[in-house]
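Asks: What follows is a single structure, and I will ask about it in a moment.
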Amino acid sequence: MAEQKQGKGFLMVTMEPTPAYDEDFNDWYDMEHVPDRTSIPGFETGLRFVCINGWPRYLSMYDLTSIDVLEGDAYKSRAWNGFSAWTKRMLGKVRGQWRGSGTQIFPGQALTGHFARLTFLRFHNAPDTLADRITQGVRANFEKRPETLQVRVLRSNYNNQIDYIGWIEACAPFNAPIDVTLFGDAARYLDIVNEYVPYWTRGPLAGVYGDKK
C-alpha cells in the first residue's frame with residue numbers, strides 16, 4: 001500500500017512524566033508546547049487526552065492539513081534542533097514515549113471532534129496488506145454502536161515503523177467488548193487498547209479565584 005497523500009495528516013505522541021514532574025509537565029504542555037505547535041501553518045487542532053484505562057497517561061493529537069506540514073520549514077525550525085530548553089528538560093523526565101505521524105486513511109478528511117470517551121487501538125508493525133482488514137474491523141466493531149460519534153483509521157509511518165491506529169470517539173463508555181475476530185489476522189498486531197477522556201487545561205476557575213472577568 002502506498003502512502004495515501006489525499007487524506008489529512010496527523011501527529012500524535014504518548015508519554016507520562018514521573019510523578020514529581022507531573023505539574024511541570026502539564027504547565028509545559030499548556031503554556032508552551034501546544035500553543036507553539038498550533039501556531040504553525042497547517043496544524044488544524046492541538047488536543048490532549050488523559051488515559052483512564054491503559055498506559056501511558058497522556059496522549060496529544062494534532063490534525064494536519066497534510067503530512068507534508070511536518071516537512072515544512074516552519075515545523076522543522078521548532079522541532080528537534082529547535083526544541084526549547086523547557087522541552088528538552090521535560091523530554092528527559094518522561095516514559096512511555098511513542099510518536100506517530102502519517103495519514104488518515106479513513107474517512108480521510110475528518111478532524112478530531114468533541115467527545116466524552118476515546119478508544120485508541122494500535123496495530124503495531126502491521127503490514128500494509130492488512131490495512132483494509134484493520135479498517136473493516138474497526139468500522140464493524142464501532143460504527144453501529146449508539147455511543148459512537150466518529151470512527152477514524154490512521155496509518156503512521158514514523159522512523160520506518162508502520163503502525164495502524166483505530167481512533168473511536170464516543171459520547172459515553174461502550175457497553176460491549178471489542179470483537180477481535182472481526183480483525184482477522186490483524187488481531188495479532190493489536191498491542192494497545194486504551195481509553196481516554198479529554199484533558200482539561202489548567203488555570204484559574206473564573207468567578208472563584210484569579211481573573212474574574
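Starting from 1 in every chain, residues are counted up; chains themselves are A, B, ... following the order of the C-alpha cells, and ligands are numbered from 1 as listed.
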Can you build me a table of range 82-111 of chain A residues sitting at most 9 Å from range 26-49 of chain A, with the closest atom pair per residue and its distance in Å to one decimal, using only C-alpha atoms, sorted by chain and residue number, as a Markdown table?
Replies:
```
| residue | atom | partner | partner_atom | distance |
| --- | --- | --- | --- | --- |
| A:Trp86 | CA | A:Trp28 | CA | 7.1 |
| A:Thr87 | CA | A:Trp28 | CA | 7.5 |
| A:Met90 | CA | A:Trp28 | CA | 7.8 |
| A:Leu111 | CA | A:Thr45 | CA | 7.8 |
```
Asks: Take the residues from that selection and put them in a file with C-alpha atoms, as a PDB file, in the first residue's frame.
Replies:
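Result went into selection32.pdb, see below:
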```
ATOM      1  CA  TRP A  86      11.899  23.610  28.631  1.00  0.00           C
ATOM      2  CA  THR A  87      11.060  20.982  26.010  1.00  0.00           C
ATOM      3  CA  MET A  90      10.697  17.704  30.033  1.00  0.00           C
ATOM      4  CA  LEU A 111     -10.985  16.330  12.278  1.00  0.00           C
TER       5      LEU A 111
END
```
Asks: Please return, as a PyMOL selection string, all residues of range 33-167 of chain A that DSSP assigns to helix (DSSP H, G or I) on the basis of the backbone.
Replies: chain A and resi 33-38+67-71+73-76+80-82+85-91+128-142
Asks: Quick one: write out the picked residues with C-alpha atoms as a PDB file, in the first residue's frame?
Replies:
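Writing done, so here's selection-v6.pdb:
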```
ATOM      1  CA  HIS A  33       4.120  23.244  23.656  1.00  0.00           C
ATOM      2  CA  VAL A  34       0.516  23.120  22.389  1.00  0.00           C
ATOM      3  CA  PRO A  35       0.287  26.898  21.747  1.00  0.00           C
ATOM      4  CA  ASP A  36       3.577  26.775  19.845  1.00  0.00           C
ATOM      5  CA  ARG A  37       2.625  23.806  17.700  1.00  0.00           C
ATOM      6  CA  THR A  38      -0.860  25.082  16.861  1.00  0.00           C
ATOM      7  CA  ILE A  67       1.532  15.076   6.337  1.00  0.00           C
ATOM      8  CA  ASP A  68       3.737  17.432   4.307  1.00  0.00           C
ATOM      9  CA  VAL A  69       3.348  20.038   7.075  1.00  0.00           C
ATOM     10  CA  LEU A  70       5.987  18.121   9.058  1.00  0.00           C
ATOM     11  CA  GLU A  71       8.449  18.609   6.197  1.00  0.00           C
ATOM     12  CA  ASP A  73      10.442  24.942   7.341  1.00  0.00           C
ATOM     13  CA  ALA A  74       8.003  26.339   9.929  1.00  0.00           C
ATOM     14  CA  TYR A  75       7.763  22.991  11.712  1.00  0.00           C
ATOM     15  CA  LYS A  76      11.391  21.966  11.301  1.00  0.00           C
ATOM     16  CA  TRP A  80      14.466  18.529  17.034  1.00  0.00           C
ATOM     17  CA  ASN A  81      17.333  21.052  16.972  1.00  0.00           C
ATOM     18  CA  GLY A  82      14.784  23.815  17.522  1.00  0.00           C
ATOM     19  CA  ALA A  85      15.173  24.438  26.854  1.00  0.00           C
ATOM     20  CA  TRP A  86      11.899  23.610  28.631  1.00  0.00           C
ATOM     21  CA  THR A  87      11.060  20.982  26.010  1.00  0.00           C
ATOM     22  CA  LYS A  88      14.469  19.344  26.304  1.00  0.00           C
ATOM     23  CA  ARG A  89      14.181  19.242  30.089  1.00  0.00           C
ATOM     24  CA  MET A  90      10.697  17.704  30.033  1.00  0.00           C
ATOM     25  CA  LEU A  91      11.541  15.072  27.435  1.00  0.00           C
ATOM     26  CA  ASP A 128       0.133  -2.723   4.700  1.00  0.00           C
ATOM     27  CA  THR A 129      -1.528  -5.803   3.247  1.00  0.00           C
ATOM     28  CA  LEU A 130      -3.776  -5.768   6.341  1.00  0.00           C
ATOM     29  CA  ALA A 131      -4.828  -2.120   6.010  1.00  0.00           C
ATOM     30  CA  ASP A 132      -8.258  -2.958   4.590  1.00  0.00           C
ATOM     31  CA  ARG A 133      -8.877  -5.658   7.201  1.00  0.00           C
ATOM     32  CA  ILE A 134      -7.958  -3.295  10.036  1.00  0.00           C
ATOM     33  CA  THR A 135     -10.257  -0.601   8.639  1.00  0.00           C
ATOM     34  CA  GLN A 136     -13.101  -3.066   8.157  1.00  0.00           C
ATOM     35  CA  GLY A 137     -12.639  -4.461  11.666  1.00  0.00           C
ATOM     36  CA  VAL A 138     -12.627  -1.041  13.320  1.00  0.00           C
ATOM     37  CA  ARG A 139     -15.736   0.001  11.417  1.00  0.00           C
ATOM     38  CA  ALA A 140     -17.555  -3.275  12.068  1.00  0.00           C
ATOM     39  CA  ASN A 141     -16.810  -3.058  15.791  1.00  0.00           C
ATOM     40  CA  PHE A 142     -17.852   0.532  16.357  1.00  0.00           C
TER      41      PHE A 142
END
```
Asks: Nearest to Ala176 in chain A: which of A:Gln109, A:Leu118, A:Arg145, A:Asn125 is it, counting only C-alpha atoms?
Replies: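 The shortest atom-to-atom distance to Ala176 in chain A comes from A:Arg145.
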Asks: Report as CSV the residues of range 99-186 of chain A within 7 Å of range 192-204 of chain A, each with its shortest atom pair and distance in Å (one decimal), using only C-alpha atoms, ordered by chain and increasing residue number.
Replies:
```
residue,atom,partner,partner_atom,distance
A:Ala116,CA,A:Val197,CA,5.9
A:Arg117,CA,A:Val197,CA,5.1
A:Leu118,CA,A:Tyr196,CA,4.9
A:Thr119,CA,A:Glu195,CA,4.7
A:Phe120,CA,A:Asn194,CA,5.1
A:Leu121,CA,A:Val193,CA,4.8
A:Arg122,CA,A:Ile192,CA,5.0
```
Asks: Could you pull out the residues in chain A that DSSP calls strand (DSSP E or B) from the backbone, as JSON, numbers by chain?
Replies: {"A": [9, 10, 11, 12, 13, 14, 15, 16, 17, 43, 47, 48, 49, 50, 51, 52, 53, 58, 59, 60, 61, 62, 63, 64, 94, 95, 96, 97, 98, 99, 100, 101, 102, 103, 104, 105, 106, 117, 118, 119, 120, 121, 122, 123, 124, 148, 149, 150, 151, 152, 153, 154, 155, 156, 157, 158, 161, 162, 163, 164, 165, 166, 167, 168, 169, 170, 190, 191, 192, 193, 194, 195, 196, 197, 198]}
Asks: Quick one: residues within 12 Å of range 159-162 of chain A, only C-alpha atoms counted, chain neighbours fewer than 2 positions away excluded, as number ranges by chain?
Replies: A: 1-3, 98-103, 122-131, 154-157, 164-165, 189
Asks: Give me, please, the distance in Å between CA of Ile168 in chain A and CA of Arg95 in chain A, quoted to one decimal.
Replies: 24.6 Å
Asks: For Thr112 in chain A, find every residue with an atom within 9 Å (counting only C-alpha atoms), except residues of its own chain fewer than 3 positions away, and show them as a ChimeraX atom specification.
Replies: /A:45,47,61-63,150,169
Asks: Suppose we keep N, CA and C atoms; can you now write the selection as a short mmCIF file (atom, residue, chain, number, x, y, z; two decimals), in the first residue's frame?
Replies:
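Generated output (part00.cif):
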```
data_model
loop_
_atom_site.label_atom_id
_atom_site.label_comp_id
_atom_site.auth_asym_id
_atom_site.auth_seq_id
_atom_site.Cartn_x
_atom_site.Cartn_y
_atom_site.Cartn_z
N THR A 45 -5.62 21.29 14.63
CA THR A 45 -6.04 21.09 16.02
C THR A 45 -4.82 20.75 16.86
N LEU A 47 -4.88 18.89 20.64
CA LEU A 47 -5.71 18.45 21.75
C LEU A 47 -4.98 17.41 22.59
N MET A 61 -2.76 14.97 20.34
CA MET A 61 -3.16 14.72 18.95
C MET A 61 -3.24 16.04 18.19
N TYR A 62 -2.59 16.07 17.04
CA TYR A 62 -2.62 17.23 16.17
C TYR A 62 -3.11 16.79 14.79
N ASP A 63 -4.22 17.37 14.32
CA ASP A 63 -4.67 17.16 12.95
C ASP A 63 -3.94 18.14 12.05
N GLN A 150 -17.72 9.15 16.05
CA GLN A 150 -16.86 9.20 14.87
C GLN A 150 -15.83 8.08 14.94
N GLU A 169 -14.25 7.92 18.65
CA GLU A 169 -14.80 8.95 19.54
C GLU A 169 -16.23 8.58 19.91
#
```
Asks: Just the residues within 9 Å of Gly7 in chain A, please, counting only C-alpha atoms, with nothing from its chain fewer than 5 positions along; format it as a VMD selection string.
Replies: chain A and resid 65 to 67 103 to 110
